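**Q** As input, take coords_18.cif (mmCIF, C-alpha atoms):
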data_coords
loop_
_atom_site.label_atom_id
_atom_site.label_comp_id
_atom_site.auth_asym_id
_atom_site.auth_seq_id
_atom_site.Cartn_x
_atom_site.Cartn_y
_atom_site.Cartn_z
CA MET E 64 -13.04 4.19 46.61
CA SER E 65 -13.89 0.51 46.52
CA VAL E 66 -11.42 -2.20 47.47
CA GLN E 67 -11.53 -3.52 43.90
CA ALA E 68 -10.69 -0.09 42.44
CA ARG E 69 -7.78 0.29 44.85
CA LYS E 70 -6.44 -3.16 43.94
CA GLU E 71 -6.69 -2.35 40.23
CA ARG E 72 -4.87 0.94 40.75
CA GLU E 73 -2.12 -0.83 42.75
CA ARG E 74 -1.81 -3.51 40.06
CA ALA E 75 -1.47 -0.89 37.32
CA SER E 76 1.13 0.93 39.41
CA ARG E 77 3.14 -2.28 39.88
CA GLU E 78 2.97 -2.97 36.17
CA ARG E 79 4.27 0.52 35.35
CA LEU E 80 7.07 -0.01 37.89
CA ILE E 81 8.07 -3.30 36.26
CA VAL E 82 8.16 -1.76 32.78
CA ALA E 83 10.06 1.34 33.96
CA THR E 84 12.57 -0.79 35.83
CA ALA E 85 13.06 -3.08 32.83
CA ARG E 86 13.67 -0.05 30.61
CA GLU E 87 16.12 1.45 33.05
CA LEU E 88 18.06 -1.78 33.46
CA ALA E 89 18.10 -2.42 29.69
CA GLU E 90 19.30 1.11 28.95
CA GLN E 91 22.05 0.81 31.57
CA GLN E 92 23.23 -2.75 30.98
CA GLY E 93 21.48 -4.12 27.89
CA TRP E 94 18.57 -6.48 27.51
CA ASP E 95 20.64 -9.51 28.54
CA ALA E 96 20.77 -8.02 32.03
CA VAL E 97 16.97 -7.92 32.26
CA THR E 98 15.89 -11.09 34.01
CA THR E 99 12.80 -11.71 36.07
CA ARG E 100 15.01 -12.40 39.09
CA ARG E 101 16.85 -9.07 38.77
CA LEU E 102 13.62 -7.19 38.13
CA ALA E 103 11.98 -8.77 41.17
CA GLU E 104 14.96 -7.76 43.31
CA ARG E 105 14.96 -4.19 42.01
CA ILE E 106 11.24 -3.60 42.45
CA GLU E 107 11.26 -5.45 45.78
CA TYR E 108 8.50 -7.88 44.88
CA SER E 109 8.70 -11.62 44.54
CA GLN E 110 9.06 -13.30 41.15
CA PRO E 111 5.53 -14.74 41.42
CA VAL E 112 4.19 -11.18 41.71
CA LEU E 113 6.14 -10.23 38.58
CA TYR E 114 4.76 -13.30 36.78
CA SER E 115 1.24 -12.30 37.77
CA HIS E 116 1.73 -9.26 35.49
CA PHE E 117 3.91 -10.69 32.70
CA ARG E 118 4.49 -14.30 31.67
CA GLY E 119 8.16 -13.56 31.12
CA LYS E 120 10.76 -11.33 29.59
CA ARG E 121 9.18 -11.49 26.13
CA GLU E 122 5.99 -9.84 27.39
CA ILE E 123 8.01 -7.23 29.28
CA ILE E 124 9.88 -6.41 26.06
CA GLY E 125 6.50 -6.11 24.33
CA ALA E 126 5.23 -3.71 26.99
CA VAL E 127 8.38 -1.59 26.64
CA ALA E 128 7.95 -1.64 22.85
CA LEU E 129 4.37 -0.40 23.05
CA GLU E 130 5.29 2.38 25.45
CA GLY E 131 8.30 3.32 23.33
CA ALA E 132 6.26 3.34 20.11
CA GLY E 133 3.98 5.93 21.67
CA GLU E 134 6.98 8.03 22.65
CA LEU E 135 8.49 7.73 19.17
CA ALA E 136 5.21 8.81 17.56
CA ALA E 137 5.01 11.81 19.88
CA ALA E 138 8.62 12.81 19.16
CA VAL E 139 8.10 12.58 15.40
CA ARG E 140 4.85 14.55 15.54
CA ALA E 141 6.37 17.26 17.74
CA ALA E 142 9.34 17.65 15.41
CA THR E 143 7.27 17.73 12.23
CA ALA E 144 4.69 20.12 13.69
CA ALA E 145 7.43 22.68 14.25
CA ALA E 146 8.73 22.39 10.66
CA ASP E 147 7.61 24.65 7.84
CA GLY E 148 7.14 22.94 4.49
CA PRO E 149 7.31 19.32 3.26
CA ARG E 150 11.11 19.09 2.93
CA GLU E 151 11.63 20.54 6.38
CA ARG E 152 9.02 18.14 7.83
CA VAL E 153 10.76 15.13 6.30
CA ALA E 154 14.16 16.29 7.57
CA ALA E 155 12.69 16.96 11.02
CA LEU E 156 11.09 13.50 11.00
CA ALA E 157 14.41 11.86 10.08
CA HIS E 158 16.28 13.73 12.82
CA ALA E 159 13.62 12.98 15.44
CA TYR E 160 13.64 9.30 14.51
CA LEU E 161 17.44 9.01 14.60
CA ASP E 162 17.64 11.03 17.83
CA PHE E 163 15.11 8.72 19.46
CA ALA E 164 17.04 5.64 18.34
CA ALA E 165 20.32 7.07 19.68
CA SER E 166 18.85 8.38 22.94
CA HIS E 167 16.84 5.25 23.80
CA PRO E 168 18.75 2.30 22.29
CA ALA E 169 17.17 -0.37 24.50
CA VAL E 170 13.66 0.93 23.86
CA TYR E 171 14.43 1.18 20.14
CA ASP E 172 15.60 -2.44 20.20
CA ALA E 173 12.44 -3.48 22.01
CA ILE E 174 10.34 -1.86 19.30
CA PHE E 175 12.29 -2.96 16.22
CA GLN E 176 14.84 -5.64 17.01
CA LEU E 177 13.66 -7.93 19.80
CA ASP E 178 10.81 -10.40 20.01
CA GLY E 179 8.18 -8.86 22.25
CA GLY E 180 5.44 -11.13 20.96
CA LEU E 181 3.80 -8.30 19.03
CA ALA E 182 2.27 -8.46 15.56
CA TYR E 183 3.65 -5.98 13.04
CA ALA E 184 2.00 -4.93 9.78
CA GLN E 185 -0.99 -7.17 10.40
CA GLU E 186 -4.65 -6.79 11.25
CA ASP E 187 -3.97 -7.39 14.95
CA THR E 188 -1.03 -5.00 15.24
CA PRO E 189 -1.38 -3.12 18.55
CA GLU E 190 -2.54 0.47 18.24
CA PRO E 191 0.70 2.11 19.53
CA LEU E 192 2.67 0.40 16.73
CA LYS E 193 0.10 1.45 14.13
CA ASP E 194 0.22 4.99 15.46
CA ALA E 195 4.03 5.13 15.25
CA PHE E 196 3.81 4.16 11.58
CA ALA E 197 1.00 6.68 11.09
CA ALA E 198 3.23 9.40 12.56
CA LEU E 199 5.77 8.66 9.81
CA LEU E 200 3.12 8.38 7.10
CA GLU E 201 1.64 11.78 7.98
CA SER E 202 4.73 13.58 6.71
CA LEU E 203 6.15 11.05 4.28
CA GLY E 204 2.90 10.44 2.43
CA GLU E 205 2.93 13.96 1.06
CA VAL E 206 6.37 13.48 -0.55
CA ALA E 207 5.98 9.97 -1.95
CA GLY E 208 5.72 11.16 -5.52
CA GLU E 209 3.16 10.58 -8.21
CA GLY E 210 2.10 6.97 -8.61
CA VAL E 211 3.95 5.83 -5.49
CA PRO E 212 1.74 4.40 -2.75
CA PRO E 213 2.32 6.54 0.39
CA GLY E 214 2.45 3.49 2.67
CA LEU E 215 5.07 1.79 0.50
CA PHE E 216 7.15 4.95 0.33
CA THR E 217 6.92 5.30 4.12
CA GLU E 218 8.13 1.71 4.55
CA VAL E 219 11.15 2.31 2.31
CA PHE E 220 12.06 5.61 3.97
CA TRP E 221 11.58 4.07 7.42
CA ALA E 222 13.76 1.09 6.44
CA SER E 223 16.46 3.54 5.36
CA LEU E 224 16.28 5.40 8.67
CA HIS E 225 16.36 2.11 10.56
CA GLY E 226 19.47 1.09 8.64
CA VAL E 227 21.19 4.38 9.43
CA ALA E 228 20.22 4.10 13.11
CA THR E 229 21.33 0.51 13.61
CA LEU E 230 24.47 0.64 11.46
CA THR E 231 25.63 3.87 13.11
CA ARG E 232 25.06 2.47 16.59
CA ALA E 233 26.92 -0.72 15.67
CA GLY E 234 29.91 1.33 14.54
CA ARG E 235 29.46 0.28 10.89
CA LEU E 236 28.79 3.86 9.76
CA PRO E 237 30.70 6.89 11.04
CA PRO E 238 28.37 9.04 13.18
CA GLU E 239 29.85 12.29 11.89
CA ASP E 240 28.26 11.60 8.48
CA THR E 241 24.72 11.20 9.81
CA GLU E 242 23.65 14.67 8.69
CA ALA E 243 24.89 13.99 5.16
CA ARG E 244 22.95 10.71 5.13
CA VAL E 245 19.76 12.51 6.20
CA GLU E 246 20.25 15.15 3.51
CA LEU E 247 20.77 12.45 0.89
CA LEU E 248 17.65 10.57 1.98
CA VAL E 249 15.54 13.71 1.95
CA ASP E 250 16.92 15.01 -1.35
CA ARG E 251 16.90 11.72 -3.27
CA LEU E 252 13.86 9.91 -1.92
CA ALA E 253 11.37 12.62 -1.07
CA VAL E 254 9.64 14.46 -3.90
CA VAL E 255 9.42 18.00 -2.52
#
How would this structure read if it were set down as structure tokens?
**A**
Amino acid sequence: MSVQARKERERASRERLIVATARELAEQQGWDAVTTRRLAERIEYSQPVLYSHFRGKREIIGAVALEGAGELAAAVRAATAAADGPRERVAALAHAYLDFAASHPAVYDAIFQLDGGLAYAQEDTPEPLKDAFAALLESLGEVAGEGVPPGLFTEVFWASLHGVATLTRAGRLPPEDTEARVELLVDRLAVV
């Protein structure tokens, strides 16, 4: 192995360590606790090394968002692949989405709430974000209804799920009614 290849592998490893550590710290203590100084201490590298990978917290949030979007897409696809029929796929999608949001609140915030410097719904949207939307569209497009653009329907259904996720986590909606909310979304919005 060449010296250059080894250095590239070490750099990629350090970058993964920074992102994993940021995620861990954010999940434990919230994003306010994620500072370059604290990250540098935890990964046992100097702040200049950290800055050689990311220009600051915003880029770290963006890296976490991209990684999380891939995980969300995989979770949605796994859940919908196991479901039998359009209604069951939509319900499975909703549950997988809400479970992801509840299980990974800091990652969810990085994807959908915080400024990670990423473009959304634009030509230059990063592929992991496009793929997360595509994972929703794959099941929701088939239940949009006649004359309803599948992408538009997916946006509205996704916005509803996002509202349920964020309002429940903020204590604005009682968590014990989440199942009823999912049933209502599936029964009233999806044409199955």
**Q** From the options E:Glu205, E:Glu104, E:Asp240, E:Glu130, which residue's atoms come nearest to Pro149 in chain E, counting all atoms listed in the file?
**A** E:Glu205
**Q** Can you tell me, as an NGL selection string, which residues sit within 9 Å of (3.8, -6.1, 38.0) in the file's frame, using all atoms listed in the file?
**A** :E and (74-82 or 108 or 112-117)
**Q** Considering all atoms listed in the file, return as a PyMOL selection string whatever protein or nucleic-acid residues lie within 8 Å of Ala132 in chain E, sequence-local ones (same chain, fewer than 3 positions apart) excluded.
**A** chain E and resi 128-129+135-136+174+191-192+194-195
**Q** Identify which of the residues E:Val255, E:Ala141, E:Ala146, E:Leu200 lies closest to Pro212 in chain E, counting only C-alpha atoms when measuring atom-to-atom distances.
**A**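 For Pro212 in chain E, the nearest of the candidates is E:Leu200.
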**Q** When the PyMOL selection byres ((chain E and resi 163) around 12) is applied to the structure above, which residues does it catch, written out as a PDB file with C-alpha atoms, in the coordinates of the input?
**A**
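Written output follows (out21.pdb):
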ATOM      1  CA  GLY E 131       8.300   3.320  23.330  1.00  0.00           C
ATOM      2  CA  ALA E 132       6.260   3.340  20.110  1.00  0.00           C
ATOM      3  CA  GLY E 133       3.980   5.930  21.670  1.00  0.00           C
ATOM      4  CA  GLU E 134       6.980   8.030  22.650  1.00  0.00           C
ATOM      5  CA  LEU E 135       8.490   7.730  19.170  1.00  0.00           C
ATOM      6  CA  ALA E 136       5.210   8.810  17.560  1.00  0.00           C
ATOM      7  CA  ALA E 137       5.010  11.810  19.880  1.00  0.00           C
ATOM      8  CA  ALA E 138       8.620  12.810  19.160  1.00  0.00           C
ATOM      9  CA  VAL E 139       8.100  12.580  15.400  1.00  0.00           C
ATOM     10  CA  ALA E 142       9.340  17.650  15.410  1.00  0.00           C
ATOM     11  CA  LEU E 156      11.090  13.500  11.000  1.00  0.00           C
ATOM     12  CA  ALA E 157      14.410  11.860  10.080  1.00  0.00           C
ATOM     13  CA  HIS E 158      16.280  13.730  12.820  1.00  0.00           C
ATOM     14  CA  ALA E 159      13.620  12.980  15.440  1.00  0.00           C
ATOM     15  CA  TYR E 160      13.640   9.300  14.510  1.00  0.00           C
ATOM     16  CA  LEU E 161      17.440   9.010  14.600  1.00  0.00           C
ATOM     17  CA  ASP E 162      17.640  11.030  17.830  1.00  0.00           C
ATOM     18  CA  ALA E 164      17.040   5.640  18.340  1.00  0.00           C
ATOM     19  CA  ALA E 165      20.320   7.070  19.680  1.00  0.00           C
ATOM     20  CA  SER E 166      18.850   8.380  22.940  1.00  0.00           C
ATOM     21  CA  HIS E 167      16.840   5.250  23.800  1.00  0.00           C
ATOM     22  CA  PRO E 168      18.750   2.300  22.290  1.00  0.00           C
ATOM     23  CA  ALA E 169      17.170  -0.370  24.500  1.00  0.00           C
ATOM     24  CA  VAL E 170      13.660   0.930  23.860  1.00  0.00           C
ATOM     25  CA  TYR E 171      14.430   1.180  20.140  1.00  0.00           C
ATOM     26  CA  ASP E 172      15.600  -2.440  20.200  1.00  0.00           C
ATOM     27  CA  ILE E 174      10.340  -1.860  19.300  1.00  0.00           C
ATOM     28  CA  LEU E 224      16.280   5.400   8.670  1.00  0.00           C
ATOM     29  CA  HIS E 225      16.360   2.110  10.560  1.00  0.00           C
ATOM     30  CA  ALA E 228      20.220   4.100  13.110  1.00  0.00           C
ATOM     31  CA  THR E 229      21.330   0.510  13.610  1.00  0.00           C
TER      32      THR E 229
END
**Q** Kindly give the distance, in Å, that separates CA of Glu201 in chain E and CA of Phe216 in chain E, rounded to a single decimal.
**A**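 CA of Glu201 in chain E sits 11.6 Å away from CA of Phe216 in chain E.
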**Q** Report, in Å to a single decimal, how far apart CA of Ala184 in chain E and CA of Ala85 in chain E are.
**A**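 Pair CA of Ala85 in chain E / CA of Ala184 in chain E returns 25.6 Å.
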**Q** Under the rule that only C-alpha atoms are counted, which of E:Ala103, E:Leu236, E:Val153, E:Leu177 is the nearest residue to Leu203 in chain E?
**A**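 For Leu203 in chain E, the nearest of the candidates is E:Val153.
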**Q** Which residue out of E:Glu218, E:Asp178, E:Glu151, E:Glu73 has the minimum interatomic distance to Ile123 in chain E when only C-alpha atoms are used?
**A**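 Checking each of E:Glu218, E:Asp178, E:Glu151, E:Glu73 against Ile123 in chain E, counting only C-alpha atoms, the winner is E:Asp178.
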**Q** Rounded to one decimal in Å, what is the spacing between CA of Arg69 in chain E and CA of Arg121 in chain E?
**A**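 Taking CA of Arg69 in chain E as the start and CA of Arg121 in chain E as the end point, the length is 27.9 Å.
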**Q** Counting only C-alpha atoms, which residue out of E:Gly148, E:Arg140, E:Gly119, E:Arg235 sits closest to Phe196 in chain E?
**A**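 Using only C-alpha atoms, Phe196 in chain E sits closest to E:Arg140.
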**Q** Between E:Pro189, E:Pro237, E:Gly179, E:Pro111, which one has atoms that come closest to Trp94 in chain E, using only C-alpha atoms?
**A**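 Closest to Trp94 in chain E of all the choices is E:Gly179.
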**Q** I want to know what sits within 12 Å of Leu247 in chain E, based on only C-alpha atoms, with residues of the same chain fewer than 3 positions away left out; could you give that as a VMD selection string?
**A** chain E and resid 150 153 to 154 157 220 223 to 224 227 240 to 244 250 to 253
